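Chemist: Take a look at the following structure, please.
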Amino acid sequence: MSLRIRVRLISITLAVVWAVVWAVVWFHHPDSIDWEWGLLSAFLVIVIGVGISNVFARRSLRLFRSALAIADIPTARREHANLADFWKRRGRETIKAFRINILLLEEQYQDALEELQALDRGKLPKNATPVVENQIAWCQMNLGKPDKGMQIAQSVLPQLESMGPDYGSSGHLVVGTAKFLLGKPNEAVPHLEETYLNSAHLPGMRVTAAFYLGECFSALGKLEEARKAYRDAELALPNSKFAARASERLNIAR
């Protein structure tokens, strides 16, 4: 059952209960009807309905974000569909931005890049611009343009760091990965370690950082550190794409 249908059923139930109660009071005590109280109670029913709707919407949003954090694409798609249906007439750009996160998980970087560039940032939260730019940088890097991605990522890293540790970690991940792809593994390691250490509650980000740490250490000839990083990736988010790639690297090294 969709989020919109659940909210409608609850709203209808509240309205029916209110109407039945007032019908019973009217039938048994017509002279004792207090119309001011009736209007107040109707307003209260509306407020309760709106409150319940917001609770359901926040729950769906929380489930969506949790699914993104663990790269659970089916759940993310389901909750995105719920939110898109519920916010059909408002927050369209935000819903588009949510969909882009799914495209990134699916590694559909060209589609994600096109949708990122098409976003109307004026309709997004004020702090959305550095996040969007960081995602554009990630797409550019994975589309074979690490130099362009690096330039964008470095330009927004200070803003992301000022927004909190989670945003800062995402910025360091992109910068670190870009440096590795540009053949600078020694410079990449501090950024990737920063992300890994601060993303224990974000397994999707942590597994990516651990995998690229393994790649950096391999490139630097530090094979023990590389194996440890790949094992960390396997543990961070088992069954994910980056954990599978880390396992492949470990099997080759044996």
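Residue numbering restarts at 1 in every chain; chains get A, B, ... in the order shown in the structure tokens, and ligands count up from 1 in that same order.
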List the neighbours of region 149-157 of chain A out to 7 Å using only C-alpha atoms; skip same-chain residues closer than 4 positions along the sequence, and give me the result as a compact mmCIF listing (two decimals) with N, CA and C atoms, in the first residue's frame.

Modeler:
# COMPACT_ATOMS: atom_id res chain seq x y z
N PRO A 130 26.82 22.61 -2.89
CA PRO A 130 28.08 21.86 -2.80
C PRO A 130 27.89 20.36 -2.88
N GLU A 133 27.43 19.60 -6.59
CA GLU A 133 28.72 19.73 -7.26
C GLU A 133 29.62 18.53 -6.96
N ASN A 134 29.59 18.07 -5.72
CA ASN A 134 30.40 16.91 -5.35
C ASN A 134 29.94 15.66 -6.09
N ALA A 137 31.15 15.89 -9.60
CA ALA A 137 32.57 15.52 -9.63
C ALA A 137 32.74 14.00 -9.65
N TRP A 138 31.96 13.30 -8.83
CA TRP A 138 32.03 11.83 -8.78
C TRP A 138 31.66 11.23 -10.13
N GLN A 140 31.87 12.73 -13.11
CA GLN A 140 32.92 13.06 -14.08
C GLN A 140 34.10 12.10 -13.94
N MET A 141 34.49 11.81 -12.71
CA MET A 141 35.61 10.90 -12.48
C MET A 141 35.32 9.51 -13.02
N LYS A 145 36.93 11.34 -16.56
CA LYS A 145 37.45 12.71 -16.49
C LYS A 145 37.85 13.05 -15.05
N GLU A 161 32.96 20.49 4.36
CA GLU A 161 33.51 20.30 5.71
C GLU A 161 32.78 21.20 6.71
N GLY A 168 31.60 16.36 4.99
CA GLY A 168 33.04 16.46 4.81
C GLY A 168 33.64 15.13 4.36
N GLY A 171 33.08 14.59 0.74
CA GLY A 171 34.00 15.40 -0.04
C GLY A 171 35.39 14.80 -0.11
N VAL A 174 35.59 11.83 -2.54
CA VAL A 174 35.68 12.18 -3.96
C VAL A 174 37.07 12.71 -4.29
N VAL A 175 37.61 13.58 -3.44
CA VAL A 175 38.95 14.11 -3.69
C VAL A 175 39.98 12.98 -3.67
N ALA A 178 39.71 10.80 -6.74
CA ALA A 178 40.21 11.53 -7.92
C ALA A 178 41.73 11.52 -7.95

Chemist: Just want the 10 Å neighbourhood of region 197-205 of chain A, counted on only C-alpha atoms, with same-chain residues fewer than 2 positions away dropped. Output as a PyMOL selection string.

Modeler: chain A and resi 66-72+105+165-166+168-170+173+192-195+207-210+233+235-238+240-243

Chemist: What does the structure give for the distance between CA of Leu213 (chain A) and CA of Arg227 (chain A), in Å to one decimal?

Modeler: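 Interatomic distance, CA of Leu213 (chain A) to CA of Arg227 (chain A): 9.8 Å.
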
Chemist: Could you tell me, as number ranges by chain, which residues of region 71-178 of chain A DSSP assigns to helix (DSSP H, G or I) when given the backbone?

Modeler: A: 73-86, 92-105, 109-118, 121-123, 128-142, 146-162, 165-178

Chemist: What's the 9 Å shell around Tyr212 (chain A), counting only C-alpha atoms, without same-chain residues fewer than 5 positions away, as a compact mmCIF listing (two decimals) with N, CA, C and O atoms, in the first residue's frame?

Modeler:
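Saved file part_27.txt follows:
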# COMPACT_ATOMS: atom_id res chain seq x y z
N GLY A 176 39.89 12.10 -2.67
CA GLY A 176 40.85 11.00 -2.56
C GLY A 176 40.78 10.07 -3.76
O GLY A 176 41.82 9.65 -4.30
N THR A 177 39.57 9.74 -4.18
CA THR A 177 39.42 8.85 -5.33
C THR A 177 39.96 9.51 -6.60
O THR A 177 40.61 8.86 -7.43
N PHE A 180 43.71 9.31 -6.66
CA PHE A 180 44.16 7.97 -7.05
C PHE A 180 44.04 7.77 -8.56
O PHE A 180 44.97 7.28 -9.21
N ALA A 188 46.32 10.62 -2.19
CA ALA A 188 44.94 10.17 -2.01
C ALA A 188 44.70 9.55 -0.64
O ALA A 188 43.61 9.70 -0.06
N VAL A 189 45.72 8.88 -0.10
CA VAL A 189 45.54 8.11 1.14
C VAL A 189 44.98 8.94 2.30
O VAL A 189 44.02 8.51 2.96
N LEU A 192 41.21 9.49 1.86
CA LEU A 192 40.43 8.26 1.97
C LEU A 192 40.41 7.75 3.42
O LEU A 192 39.39 7.23 3.89
N VAL A 207 32.75 1.46 2.68
CA VAL A 207 33.26 0.38 1.82
C VAL A 207 33.97 0.95 0.60
O VAL A 207 34.99 0.42 0.15
N PHE A 217 47.21 1.59 -1.74
CA PHE A 217 48.33 0.86 -1.13
C PHE A 217 48.94 -0.14 -2.12
O PHE A 217 50.16 -0.36 -2.12
N ALA A 229 43.12 -3.23 3.86
CA ALA A 229 42.09 -2.31 3.37
C ALA A 229 41.00 -3.08 2.62
O ALA A 229 39.80 -2.81 2.78
N TYR A 230 41.40 -4.05 1.80
CA TYR A 230 40.41 -4.84 1.07
C TYR A 230 39.55 -5.66 2.03
O TYR A 230 38.33 -5.80 1.83

Chemist: Would you mind listing what lies within 10 Å of region 118-122 of chain A as a PyMOL selection string, with only C-alpha atoms counted and same-chain residues fewer than 2 positions away left out?

Modeler: chain A and resi 92-94+96-97+112-116+124-129+132

Chemist: For Ile102 (chain A), find every residue with an atom within 8 Å (counting only C-alpha atoms), except residues of its own chain fewer than 3 positions away, and show them as an MDAnalysis selection string.

Modeler: chainID A and resid 68 73 76:77 98:99 105:106

Chemist: Go ahead and compute the interatomic distance for CA of Cys139 (chain A) and CA of Tyr109 (chain A), in Å to one decimal.

Modeler: 5.2 Å

Chemist: Just want the 7 Å neighbourhood of Leu182 (chain A), counted on only C-alpha atoms, with same-chain residues fewer than 3 positions away dropped. Output as an mmCIF file with C-alpha atoms, in the first residue's frame.

Modeler:
data_model
loop_
_atom_site.group_PDB
_atom_site.id
_atom_site.type_symbol
_atom_site.label_atom_id
_atom_site.label_comp_id
_atom_site.auth_asym_id
_atom_site.auth_seq_id
_atom_site.Cartn_x
_atom_site.Cartn_y
_atom_site.Cartn_z
ATOM 1 C CA PRO A 146 39.210 12.557 -13.084
ATOM 2 C CA ASP A 147 40.978 15.866 -13.648
ATOM 3 C CA ALA A 178 40.208 11.529 -7.916
ATOM 4 C CA LYS A 179 43.825 11.742 -6.750
#
